[in-house]
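First comes the structure, then the notes that go with it.
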Amino acid sequence: MIVEYLGKILLVESVKESVKAVSKEIVKGKINQARRERISSALIAIQQASIETRKFIDNKGYRRNTDLSKLWNDALKKSLDADLKDLPRYLHNKAKFWGKPEDWRKEKASMELVPKLSYLNDQCDMLLIELEK
């Protein structure tokens, strides 16, 4: 139980810190147009993976899906290109999860490493608000 709780705290805090760091750069005007475009591309990839994942879960549940793995790996690559710290680790876990979800679901501790879709969507929304300023 303690491991699960700590895993959640680490996930939430590290992703929040990543979003805050990028937000500060945006507010201070330290982000050039090329980086803004890379961040936008990462946000779009994360949103697309999230939408497709939600649709798949609603229709078929938690079965292996290599297409979802590919979408999450694309989001991972784009978040690395955008230099979104800490977030890539969780996107990588999302991609691995869809490679064999039954193994991940057996272990509660490993599930703590996979961010919830709603949480990722909230983080994307926060970044988008900052980009729009």
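Labels used: A, B, ... for chains in the order of the structure tokens, numbers from 1 for residues in each chain, and numbers from 1 for ligands as shown.
Around A:His92, within 12 Å and counting only C-alpha atoms, the residues found are Ile46, Leu68, Ser69, Lys70, Leu71, Trp72, Asn73, Asp74, Ala75, Leu76, Lys77, Lys78, Ser79, Leu80, Asp86, Leu87, Pro88, Arg89, Tyr90, Lys94, Ala95, Lys96, Phe97, Trp98, Gly99, Leu113, Val114 and Pro115 of chain A, once anything fewer than 2 positions away on its own chain is removed.
Here atom CA of A:Glu52 is placed at a distance of 16.5 Å from atom CA of A:Asp122.
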query: Near A:Arg38, within 8 Å and counting only C-alpha atoms, which residues show up once chain neighbours fewer than 2 positions away are dropped, as a ChimeraX atom specification?
result: /A:34-36,40-42,78-79,81-82
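Candidate residues A:Asn32, A:Arg64, A:Asn93, A:Leu120 were compared for distance to A:Ile44, and the nearest is A:Leu120, using only C-alpha atoms.
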message: List as a ChimeraX atom specification the protein and nucleic acid residues near A:Arg54, meaning an atom at most 12 Å away when only C-alpha atoms are counted, but skip any in the same chain fewer than 4 places from it.
response: /A:47-50,58-62,68,116-118,121
Export N, CA and C atoms of the chosen residues as a tab-separated table (two decimals), in the first residue's frame?
```tsv
chain	number	residue	atom	x	y	z
A	47	GLN	N	-2.51	13.70	-26.94
A	47	GLN	CA	-3.98	13.75	-27.04
A	47	GLN	C	-4.51	12.66	-27.96
A	48	GLN	N	-3.86	12.46	-29.11
A	48	GLN	CA	-4.33	11.44	-30.05
A	48	GLN	C	-4.22	10.05	-29.43
A	49	ALA	N	-3.10	9.78	-28.77
A	49	ALA	CA	-2.93	8.48	-28.12
A	49	ALA	C	-3.99	8.30	-27.02
A	50	SER	N	-4.27	9.36	-26.30
A	50	SER	CA	-5.27	9.31	-25.23
A	50	SER	C	-6.67	9.03	-25.79
A	58	ASP	N	-13.07	1.54	-23.99
A	58	ASP	CA	-14.54	1.54	-23.96
A	58	ASP	C	-15.12	0.41	-24.80
A	59	ASN	N	-14.47	0.09	-25.91
A	59	ASN	CA	-15.00	-0.94	-26.81
A	59	ASN	C	-14.49	-2.35	-26.54
A	60	LYS	N	-13.24	-2.48	-26.11
A	60	LYS	CA	-12.65	-3.81	-26.01
A	60	LYS	C	-11.97	-4.11	-24.70
A	61	GLY	N	-11.88	-3.14	-23.83
A	61	GLY	CA	-11.25	-3.38	-22.53
A	61	GLY	C	-9.74	-3.28	-22.58
A	62	TYR	N	-9.11	-4.08	-21.73
A	62	TYR	CA	-7.65	-4.03	-21.59
A	62	TYR	C	-7.00	-5.24	-22.25
A	68	LEU	N	-1.83	0.93	-30.20
A	68	LEU	CA	-1.77	1.89	-29.09
A	68	LEU	C	-0.33	2.05	-28.61
A	116	LYS	N	-2.73	7.80	-15.51
A	116	LYS	CA	-4.13	7.77	-15.93
A	116	LYS	C	-4.32	8.72	-17.11
A	117	LEU	N	-5.22	8.37	-18.00
A	117	LEU	CA	-5.49	9.21	-19.18
A	117	LEU	C	-5.96	10.60	-18.76
A	118	SER	N	-6.83	10.66	-17.77
A	118	SER	CA	-7.34	11.97	-17.34
A	118	SER	C	-6.22	12.86	-16.82
A	121	ASN	N	-4.26	14.13	-19.80
A	121	ASN	CA	-5.06	15.15	-20.50
A	121	ASN	C	-5.02	16.49	-19.75
```
field: In stretch 28-81 of chain A, DSSP helix (DSSP H, G or I) residues written as a ChimeraX atom specification
entry: /A:33-60,66-81
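Here atom CA of A:Met126 is placed at a distance of 15.4 Å from atom CA of A:Ala45.
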field: Nearest residue to A:Arg105 from the set A:Leu84, A:Ile39, A:Arg63, A:Ile31 (distances using only C-alpha atoms)
entry: A:Arg63
- prompt: What gap, in Å, lies between atom CA of A:Lys85 and atom CA of A:Glu107?
  reply: 26.2 Å
